[in-house]
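Q: What follows is final-v6.pdb, made up of PDB, C-alpha atoms, pLDDT in the B column:
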```
ATOM      1  CA  MET Q   1       0.000   0.000   0.000  1.00 51.00           C
ATOM      2  CA  ASN Q   2       1.522   3.299  -1.032  1.00 52.00           C
ATOM      3  CA  LYS Q   3       1.818   6.211   1.351  1.00 50.00           C
ATOM      4  CA  LEU Q   4      -1.250   8.115  -0.032  1.00 49.00           C
ATOM      5  CA  ASN Q   5      -3.571   5.134   0.171  1.00 56.00           C
ATOM      6  CA  LYS Q   6      -2.357   4.374   3.672  1.00 53.00           C
ATOM      7  CA  SER Q   7      -3.223   7.913   4.830  1.00 57.00           C
ATOM      8  CA  ALA Q   8      -6.714   7.704   3.325  1.00 59.00           C
ATOM      9  CA  TYR Q   9      -7.264   4.371   4.997  1.00 55.00           C
ATOM     10  CA  MET Q  10      -6.288   5.719   8.396  1.00 62.00           C
ATOM     11  CA  PHE Q  11      -8.606   8.729   7.952  1.00 60.00           C
ATOM     12  CA  LEU Q  12     -11.577   6.459   7.217  1.00 61.00           C
ATOM     13  CA  ILE Q  13     -10.899   4.396  10.358  1.00 60.00           C
ATOM     14  CA  TRP Q  14     -10.644   7.531  12.507  1.00 57.00           C
ATOM     15  CA  ALA Q  15     -13.916   8.947  11.066  1.00 59.00           C
ATOM     16  CA  ALA Q  16     -15.744   5.680  11.740  1.00 54.00           C
ATOM     17  CA  PHE Q  17     -14.462   5.653  15.313  1.00 52.00           C
ATOM     18  CA  LEU Q  18     -15.727   9.169  15.899  1.00 53.00           C
ATOM     19  CA  CYS Q  19     -19.169   8.324  14.500  1.00 52.00           C
ATOM     20  CA  CYS Q  20     -19.511   5.283  16.717  1.00 52.00           C
ATOM     21  CA  GLY Q  21     -18.436   7.221  19.801  1.00 51.00           C
ATOM     22  CA  CYS Q  22     -20.862  10.121  19.265  1.00 46.00           C
ATOM     23  CA  GLY Q  23     -23.700   7.757  18.540  1.00 49.00           C
ATOM     24  CA  GLY Q  24     -23.065   5.835  21.736  1.00 49.00           C
ATOM     25  CA  ALA Q  25     -23.055   9.000  23.821  1.00 47.00           C
ATOM     26  CA  GLN Q  26     -26.284  10.122  22.236  1.00 54.00           C
ATOM     27  CA  ARG Q  27     -27.915   6.737  22.839  1.00 50.00           C
ATOM     28  CA  THR Q  28     -26.737   6.800  26.478  1.00 46.00           C
ATOM     29  CA  LYS Q  29     -28.310  10.245  26.961  1.00 50.00           C
ATOM     30  CA  MET Q  30     -31.628   9.110  25.431  1.00 54.00           C
ATOM     31  CA  TYR Q  31     -31.649   6.003  27.655  1.00 48.00           C
ATOM     32  CA  LEU Q  32     -31.149   8.035  30.819  1.00 46.00           C
ATOM     33  CA  GLU Q  33     -33.969  10.477  29.928  1.00 57.00           C
ATOM     34  CA  ALA Q  34     -36.367   7.597  29.219  1.00 53.00           C
ATOM     35  CA  SER Q  35     -35.531   5.965  32.557  1.00 53.00           C
ATOM     36  CA  VAL Q  36     -36.322   9.152  34.455  1.00 48.00           C
ATOM     37  CA  GLN Q  37     -39.642   9.521  32.611  1.00 59.00           C
ATOM     38  CA  ASP Q  38     -40.590   5.895  33.407  1.00 56.00           C
ATOM     39  CA  GLU Q  39     -39.906   6.437  37.117  1.00 54.00           C
ATOM     40  CA  ARG Q  40     -42.134   9.512  37.185  1.00 59.00           C
ATOM     41  CA  GLU Q  41     -45.021   7.725  35.471  1.00 59.00           C
ATOM     42  CA  SER Q  42     -44.749   4.668  37.731  1.00 57.00           C
ATOM     43  CA  GLY Q  43     -44.629   6.806  40.898  1.00 54.00           C
ATOM     44  CA  THR Q  44     -41.200   5.581  41.996  1.00 50.00           C
ATOM     45  CA  GLY Q  45     -39.512   8.834  41.112  1.00 49.00           C
ATOM     46  CA  GLN Q  46     -39.817  12.227  42.795  1.00 50.00           C
ATOM     47  CA  ASP Q  47     -41.760  14.823  40.778  1.00 49.00           C
ATOM     48  CA  THR Q  48     -40.343  18.162  41.869  1.00 49.00           C
ATOM     49  CA  SER Q  49     -43.093  20.086  40.079  1.00 50.00           C
ATOM     50  CA  ALA Q  50     -45.708  18.423  42.313  1.00 44.00           C
ATOM     51  CA  LEU Q  51     -43.748  19.385  45.424  1.00 43.00           C
ATOM     52  CA  GLU Q  52     -43.566  22.969  44.307  1.00 48.00           C
ATOM     53  CA  LYS Q  53     -47.359  23.106  43.962  1.00 47.00           C
ATOM     54  CA  SER Q  54     -48.179  21.321  47.253  1.00 50.00           C
ATOM     55  CA  PRO Q  55     -49.406  23.418  50.256  1.00 52.00           C
ATOM     56  CA  ASP Q  56     -47.184  24.188  53.227  1.00 58.00           C
ATOM     57  CA  VAL Q  57     -46.839  21.322  55.667  1.00 56.00           C
ATOM     58  CA  LEU Q  58     -46.463  21.778  59.416  1.00 60.00           C
ATOM     59  CA  GLU Q  59     -43.597  20.232  61.399  1.00 63.00           C
ATOM     60  CA  ASP Q  60     -45.789  17.313  62.524  1.00 62.00           C
ATOM     61  CA  GLY Q  61     -46.678  16.534  58.909  1.00 59.00           C
ATOM     62  CA  SER Q  62     -50.243  17.905  59.096  1.00 59.00           C
ATOM     63  CA  LEU Q  63     -51.745  20.530  56.828  1.00 58.00           C
ATOM     64  CA  PRO Q  64     -52.515  23.997  58.242  1.00 58.00           C
ATOM     65  CA  GLU Q  65     -56.150  24.660  59.215  1.00 58.00           C
ATOM     66  CA  GLN Q  66     -58.235  26.945  57.055  1.00 54.00           C
ATOM     67  CA  GLU Q  67     -58.843  30.375  58.551  1.00 53.00           C
ATOM     68  CA  GLU Q  68     -62.341  30.920  59.953  1.00 56.00           C
ATOM     69  CA  THR Q  69     -64.674  33.408  58.356  1.00 60.00           C
ATOM     70  CA  GLN Q  70     -63.858  36.845  59.733  1.00 88.00           C
ATOM     71  CA  SER Q  71     -67.256  38.466  59.152  1.00 93.00           C
ATOM     72  CA  CYS Q  72     -70.864  38.229  60.339  1.00 94.00           C
ATOM     73  CA  PHE Q  73     -74.267  39.327  59.050  1.00 96.00           C
ATOM     74  CA  VAL Q  74     -76.861  41.249  61.067  1.00 95.00           C
ATOM     75  CA  TYR Q  75     -80.361  42.502  60.269  1.00 95.00           C
ATOM     76  CA  VAL Q  76     -81.031  46.109  61.286  1.00 95.00           C
ATOM     77  CA  CYS Q  77     -84.673  47.186  61.219  1.00 93.00           C
ATOM     78  CA  GLY Q  78     -87.123  49.629  62.789  1.00 92.00           C
ATOM     79  CA  ALA Q  79     -86.430  53.325  63.272  1.00 93.00           C
ATOM     80  CA  VAL Q  80     -83.257  53.497  61.153  1.00 95.00           C
ATOM     81  CA  LYS Q  81     -82.753  55.281  57.859  1.00 95.00           C
ATOM     82  CA  ARG Q  82     -81.794  52.258  55.744  1.00 96.00           C
ATOM     83  CA  PRO Q  83     -83.088  48.955  57.190  1.00 96.00           C
ATOM     84  CA  GLY Q  84     -81.456  45.833  55.799  1.00 95.00           C
ATOM     85  CA  VAL Q  85     -78.900  43.045  56.198  1.00 96.00           C
ATOM     86  CA  TYR Q  86     -75.316  44.209  56.659  1.00 96.00           C
ATOM     87  CA  GLU Q  87     -71.938  42.453  56.780  1.00 95.00           C
ATOM     88  CA  LEU Q  88     -69.494  43.486  59.508  1.00 96.00           C
ATOM     89  CA  PRO Q  89     -66.138  42.186  60.740  1.00 95.00           C
ATOM     90  CA  LYS Q  90     -66.278  39.861  63.726  1.00 93.00           C
ATOM     91  CA  GLY Q  91     -66.026  41.772  66.998  1.00 92.00           C
ATOM     92  CA  SER Q  92     -68.002  44.763  65.699  1.00 95.00           C
ATOM     93  CA  ARG Q  93     -70.428  46.656  67.961  1.00 95.00           C
ATOM     94  CA  VAL Q  94     -74.083  47.606  67.610  1.00 94.00           C
ATOM     95  CA  TYR Q  95     -73.252  51.262  66.918  1.00 95.00           C
ATOM     96  CA  GLU Q  96     -71.267  50.182  63.838  1.00 96.00           C
ATOM     97  CA  ALA Q  97     -74.246  48.222  62.493  1.00 95.00           C
ATOM     98  CA  LEU Q  98     -76.496  51.243  63.078  1.00 96.00           C
ATOM     99  CA  ALA Q  99     -74.021  53.442  61.199  1.00 96.00           C
ATOM    100  CA  LEU Q 100     -74.153  51.115  58.175  1.00 96.00           C
ATOM    101  CA  ALA Q 101     -77.960  51.398  58.311  1.00 95.00           C
ATOM    102  CA  GLY Q 102     -77.698  55.187  57.979  1.00 95.00           C
ATOM    103  CA  GLY Q 103     -78.065  55.913  61.696  1.00 94.00           C
ATOM    104  CA  LEU Q 104     -81.142  56.385  63.881  1.00 94.00           C
ATOM    105  CA  ARG Q 105     -84.206  58.333  62.777  1.00 94.00           C
ATOM    106  CA  LYS Q 106     -85.322  61.368  64.766  1.00 92.00           C
ATOM    107  CA  ASP Q 107     -88.250  59.447  66.254  1.00 92.00           C
ATOM    108  CA  ALA Q 108     -86.083  56.523  67.447  1.00 92.00           C
ATOM    109  CA  TYR Q 109     -86.108  55.604  71.141  1.00 90.00           C
ATOM    110  CA  GLU Q 110     -82.348  55.452  71.648  1.00 88.00           C
ATOM    111  CA  LYS Q 111     -82.279  54.614  75.385  1.00 83.00           C
ATOM    112  CA  GLU Q 112     -83.460  51.052  74.823  1.00 79.00           C
ATOM    113  CA  ILE Q 113     -80.432  50.167  72.644  1.00 86.00           C
ATOM    114  CA  ASN Q 114     -77.054  49.173  74.057  1.00 88.00           C
ATOM    115  CA  GLN Q 115     -74.867  50.496  71.259  1.00 92.00           C
ATOM    116  CA  ALA Q 116     -71.689  49.131  72.893  1.00 91.00           C
ATOM    117  CA  GLU Q 117     -72.929  45.529  72.733  1.00 89.00           C
ATOM    118  CA  PRO Q 118     -70.976  43.163  70.413  1.00 92.00           C
ATOM    119  CA  VAL Q 119     -72.932  41.873  67.418  1.00 92.00           C
ATOM    120  CA  GLU Q 120     -73.362  38.196  66.573  1.00 90.00           C
ATOM    121  CA  ASP Q 121     -73.867  36.447  63.262  1.00 92.00           C
ATOM    122  CA  GLY Q 122     -77.582  36.268  62.435  1.00 90.00           C
ATOM    123  CA  GLN Q 123     -78.563  38.874  65.050  1.00 90.00           C
ATOM    124  CA  MET Q 124     -81.581  41.168  64.555  1.00 88.00           C
ATOM    125  CA  ILE Q 125     -81.225  44.724  65.859  1.00 92.00           C
ATOM    126  CA  GLU Q 126     -84.691  46.280  66.125  1.00 89.00           C
ATOM    127  CA  VAL Q 127     -85.033  49.961  67.000  1.00 92.00           C
ATOM    128  CA  PHE Q 128     -88.404  51.105  68.389  1.00 89.00           C
ATOM    129  CA  THR Q 129     -89.835  54.550  67.888  1.00 92.00           C
ATOM    130  CA  ILE Q 130     -90.718  56.714  70.897  1.00 90.00           C
ATOM    131  CA  LYS Q 131     -94.407  56.112  70.206  1.00 89.00           C
ATOM    132  CA  GLU Q 132     -93.923  52.343  69.974  1.00 87.00           C
ATOM    133  CA  HIS Q 133     -92.006  52.354  73.269  1.00 83.00           C
ATOM    134  CA  LYS Q 134     -94.789  54.249  75.056  1.00 84.00           C
ATOM    135  CA  THR Q 135     -97.415  51.915  73.629  1.00 84.00           C
ATOM    136  CA  GLN Q 136     -95.407  48.915  74.799  1.00 78.00           C
ATOM    137  CA  GLN Q 137     -94.985  50.351  78.288  1.00 78.00           C
ATOM    138  CA  GLU Q 138     -98.695  51.158  78.512  1.00 81.00           C
ATOM    139  CA  HIS Q 139     -99.593  47.645  77.421  1.00 75.00           C
ATOM    140  CA  GLN Q 140     -97.338  46.175  80.101  1.00 72.00           C
ATOM    141  CA  ARG Q 141     -98.919  48.359  82.802  1.00 75.00           C
ATOM    142  CA  GLN Q 142    -102.427  47.419  81.715  1.00 77.00           C
ATOM    143  CA  THR Q 143    -101.485  43.728  81.763  1.00 71.00           C
ATOM    144  CA  GLN Q 144     -99.998  44.018  85.241  1.00 68.00           C
ATOM    145  CA  LYS Q 145    -103.005  45.948  86.472  1.00 69.00           C
ATOM    146  CA  SER Q 146    -105.375  43.320  85.091  1.00 70.00           C
ATOM    147  CA  GLN Q 147    -103.400  40.519  86.715  1.00 62.00           C
ATOM    148  CA  GLN Q 148    -103.390  42.260  90.098  1.00 59.00           C
ATOM    149  CA  THR Q 149    -107.080  43.125  89.927  1.00 59.00           C
ATOM    150  CA  ASP Q 150    -108.028  39.544  89.062  1.00 57.00           C
ATOM    151  CA  SER Q 151    -105.959  38.148  91.923  1.00 52.00           C
ATOM    152  CA  PRO Q 152    -108.003  37.480  95.102  1.00 48.00           C
ATOM    153  CA  ASP Q 153    -104.943  38.297  97.223  1.00 44.00           C
ATOM    154  CA  SER Q 154    -104.351  41.628  95.534  1.00 42.00           C
ATOM    155  CA  ALA Q 155    -103.882  44.557  97.888  1.00 43.00           C
ATOM    156  CA  TYR Q 156    -104.961  46.972  95.169  1.00 45.00           C
ATOM    157  CA  SER Q 157    -108.396  45.581  94.324  1.00 45.00           C
ATOM    158  CA  ASP Q 158    -110.053  48.711  95.762  1.00 64.00           C
ATOM    159  CA  ASP Q 159    -111.084  52.037  94.302  1.00 82.00           C
ATOM    160  CA  ARG Q 160    -107.657  53.677  94.369  1.00 91.00           C
ATOM    161  CA  ILE Q 161    -106.595  55.398  91.161  1.00 93.00           C
ATOM    162  CA  ASP Q 162    -103.467  54.382  89.286  1.00 93.00           C
ATOM    163  CA  ILE Q 163    -101.939  57.762  88.468  1.00 94.00           C
ATOM    164  CA  ASN Q 164     -99.979  56.190  85.571  1.00 92.00           C
ATOM    165  CA  THR Q 165    -103.066  55.124  83.631  1.00 92.00           C
ATOM    166  CA  ALA Q 166    -105.898  57.309  84.978  1.00 92.00           C
ATOM    167  CA  SER Q 167    -107.741  59.533  82.546  1.00 92.00           C
ATOM    168  CA  LYS Q 168    -108.191  63.259  83.084  1.00 91.00           C
ATOM    169  CA  GLU Q 169    -111.726  62.719  84.364  1.00 92.00           C
ATOM    170  CA  GLN Q 170    -110.585  60.047  86.847  1.00 92.00           C
ATOM    171  CA  LEU Q 171    -107.857  62.310  88.228  1.00 93.00           C
ATOM    172  CA  MET Q 172    -110.377  65.133  88.696  1.00 90.00           C
ATOM    173  CA  THR Q 173    -112.351  62.932  91.105  1.00 91.00           C
ATOM    174  CA  LEU Q 174    -109.507  63.310  93.611  1.00 91.00           C
ATOM    175  CA  SER Q 175    -109.888  65.986  96.275  1.00 86.00           C
ATOM    176  CA  GLY Q 176    -108.060  69.155  95.259  1.00 85.00           C
ATOM    177  CA  ILE Q 177    -107.357  68.043  91.699  1.00 90.00           C
ATOM    178  CA  GLY Q 178    -109.028  70.229  89.126  1.00 87.00           C
ATOM    179  CA  GLU Q 179    -108.739  70.350  85.348  1.00 88.00           C
ATOM    180  CA  ALA Q 180    -105.416  72.224  85.308  1.00 86.00           C
ATOM    181  CA  LYS Q 181    -103.727  69.931  87.847  1.00 89.00           C
ATOM    182  CA  ALA Q 182    -105.068  66.842  86.054  1.00 91.00           C
ATOM    183  CA  ASP Q 183    -103.525  68.127  82.802  1.00 91.00           C
ATOM    184  CA  ASN Q 184    -100.246  68.761  84.628  1.00 91.00           C
ATOM    185  CA  ILE Q 185    -100.201  65.206  85.991  1.00 94.00           C
ATOM    186  CA  ILE Q 186    -100.778  63.685  82.528  1.00 93.00           C
ATOM    187  CA  ASP Q 187     -98.158  65.917  80.865  1.00 92.00           C
ATOM    188  CA  TYR Q 188     -95.584  65.135  83.545  1.00 91.00           C
ATOM    189  CA  ARG Q 189     -96.034  61.350  83.490  1.00 92.00           C
ATOM    190  CA  GLU Q 190     -95.709  61.313  79.689  1.00 91.00           C
ATOM    191  CA  ARG Q 191     -92.440  63.255  79.901  1.00 90.00           C
ATOM    192  CA  ILE Q 192     -90.845  60.940  82.477  1.00 89.00           C
ATOM    193  CA  GLY Q 193     -92.358  57.729  81.116  1.00 88.00           C
ATOM    194  CA  GLY Q 194     -94.593  57.119  84.146  1.00 89.00           C
ATOM    195  CA  PHE Q 195     -94.427  57.421  87.931  1.00 91.00           C
ATOM    196  CA  SER Q 196     -92.461  54.813  89.881  1.00 89.00           C
ATOM    197  CA  ALA Q 197     -94.120  55.653  93.242  1.00 90.00           C
ATOM    198  CA  PRO Q 198     -97.231  57.631  94.343  1.00 92.00           C
ATOM    199  CA  ALA Q 199     -95.097  60.209  96.189  1.00 91.00           C
ATOM    200  CA  GLU Q 200     -93.570  61.337  92.882  1.00 91.00           C
ATOM    201  CA  ILE Q 201     -96.812  63.158  92.140  1.00 93.00           C
ATOM    202  CA  MET Q 202     -95.471  65.950  94.356  1.00 92.00           C
ATOM    203  CA  ASP Q 203     -92.981  66.718  91.538  1.00 91.00           C
ATOM    204  CA  VAL Q 204     -95.921  67.862  89.417  1.00 91.00           C
ATOM    205  CA  ASN Q 205     -96.409  71.607  89.243  1.00 86.00           C
ATOM    206  CA  GLY Q 206     -99.166  72.701  91.657  1.00 83.00           C
ATOM    207  CA  ILE Q 207     -99.110  69.602  93.873  1.00 88.00           C
ATOM    208  CA  GLY Q 208     -97.359  69.978  97.222  1.00 83.00           C
ATOM    209  CA  GLU Q 209     -97.079  67.981 100.416  1.00 85.00           C
ATOM    210  CA  GLY Q 210    -100.410  69.223 101.771  1.00 83.00           C
ATOM    211  CA  LEU Q 211    -102.386  68.122  98.724  1.00 86.00           C
ATOM    212  CA  TYR Q 212    -100.522  64.836  98.554  1.00 91.00           C
ATOM    213  CA  ALA Q 213    -101.418  64.132 102.200  1.00 89.00           C
ATOM    214  CA  ARG Q 214    -105.080  64.508 101.269  1.00 87.00           C
ATOM    215  CA  ILE Q 215    -104.989  62.126  98.257  1.00 92.00           C
ATOM    216  CA  GLN Q 216    -102.240  59.613  99.088  1.00 91.00           C
ATOM    217  CA  ASP Q 217    -104.771  57.031 100.325  1.00 92.00           C
ATOM    218  CA  LYS Q 218    -106.712  57.404  97.072  1.00 92.00           C
ATOM    219  CA  ILE Q 219    -103.890  56.916  94.577  1.00 94.00           C
ATOM    220  CA  THR Q 220    -101.475  54.132  93.688  1.00 93.00           C
ATOM    221  CA  VAL Q 221     -98.874  53.160  91.114  1.00 92.00           C
ATOM    222  CA  ILE Q 222     -99.113  49.722  89.560  1.00 84.00           C
ATOM    223  CA  GLN Q 223     -95.767  48.588  88.109  1.00 66.00           C
TER     224      GLN Q 223
END
```
Mind turning this structure into structure tokens?

A:
Amino acid sequence: MNKLNKSAYMFLIWAAFLCCGCGGAQRTKMYLEASVQDERESGTGQDTSALEKSPDVLEDGSLPEQEETQSCFVYVCGAVKRPGVYELPKGSRVYEALALAGGLRKDAYEKEINQAEPVEDGQMIEVFTIKEHKTQQEHQRQTQKSQQTDSPDSAYSDDRIDINTASKEQLMTLSGIGEAKADNIIDYRERIGGFSAPAEIMDVNGIGEGLYARIQDKITVIQ
């Protein structure tokens, strides 16, 4: 073999060696990738993408608890400007619910509402008007009076006048009580919401201790 042919022969062997080597490396790479894919599909391998998407795990291996709802719903009705159902944060107070409802109307009876009270989910906050409050109080007094009158042991089943419910004409039957004083008694009891004791009638304009001494056995207060 001459020198030129020998060089060509050696070049062909070297080229074939390189081709076989590159092909083997490529096949090895493809084999490794397929093995990893098989492990993932069979569940024996560790899928890092799934770990990245999983929620945080506590030290004891448990999942964190879901946060509780931080709001509540209350129904505000009655003597407010915008009655309705309102959502408030937990721990809110009645005055905050009233504010969402536009606040109290001018005829609202505010004293009956504890505006500092915490609200609860599902609570109804009803605001009475001044007129409704008076009607309710009058109904309670009439009920109590009826119960005491019907009782055989009642100490007030006589002809004494209840100065909280007596009409103008009934008050005028009392000694020393004329039309003007009867009007004063009715006006005064409406302003204070009713007498709590018979002696309070002396706070009425025109009625002093002397007049009270004359009528005290004829009047009473049924509570």

Q: Please evaluate the PyMOL selection byres ((chain Q and resi 84-91) around 8) against the structure above and give the resulting residues as an NGL selection string.

A: :Q and (70-77 or 82-83 or 92-93 or 97 or 100-101 or 118-120)

Q: Can you work out the spacing between CA of Asp203 in chain Q and CA of Lys106 in chain Q in Å, to one decimal?

A: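 Answer for the CA of Asp203 in chain Q to CA of Lys106 in chain Q separation: 28.4 Å.
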
Q: Please measure the separation of CA of Tyr212 in chain Q and CA of Glu190 in chain Q, giving the value in Å to one decimal.

A: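 Interatomic distance here is 19.8 Å.
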
Q: I need the output of the PyMOL selection byres ((chain Q and resi 110) around 12) for this file as a VMD selection string; which residues are they?

A: chain Q and resid 78 to 80 95 98 103 to 109 111 to 115 126 to 130 133

Q: Tell me, in Å to one decimal, how far CA of Thr135 in chain Q is from CA of Ala99 in chain Q.

A: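 CA of Ala99 in chain Q lies 26.5 Å from CA of Thr135 in chain Q.
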
Q: Which of these, Q:Val204, Q:Ala199, Q:Ile177, Q:Ala116, has the shortest distance to Gln216 in chain Q once you count only C-alpha atoms?

A: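 Smallest distance to Gln216 in chain Q is found for Q:Ala199.
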
Q: Of the residues Q:Ile161, Q:Ile207, Q:Met124, Q:Ile222, which is the one nearest to Gly194 in chain Q, using only C-alpha atoms?

A: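 Result for the nearest residue to Gly194 in chain Q: Q:Ile222.
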
Q: Build an axis-aligned box that encloses every atom of range 123-138 of chain Q listed in the file, pad it by 6 Å on each side, and report its centre and edge lengths in Å to one decimal, as AutoDock Vina command-line options.

A:
```
--center_x -88.6 --center_y 47.8 --center_z 71.5 --size_x 32.1 --size_y 29.8 --size_z 26.0
```

Q: Tell me which residues the PyMOL selection byres ((chain Q and resi 189) around 12) grabs here, as a ChimeraX atom specification.

A: /Q:134,138,162-167,182-188,190-198,200-205,221

Q: Which residue, Q:Asp159, Q:Glu179, Q:Glu117, Q:Glu169, has the smallest gap to Asp217 in chain Q when you use all atoms listed in the file?

A: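 Closest to Asp217 in chain Q, using all atoms listed in the file: Q:Asp159.
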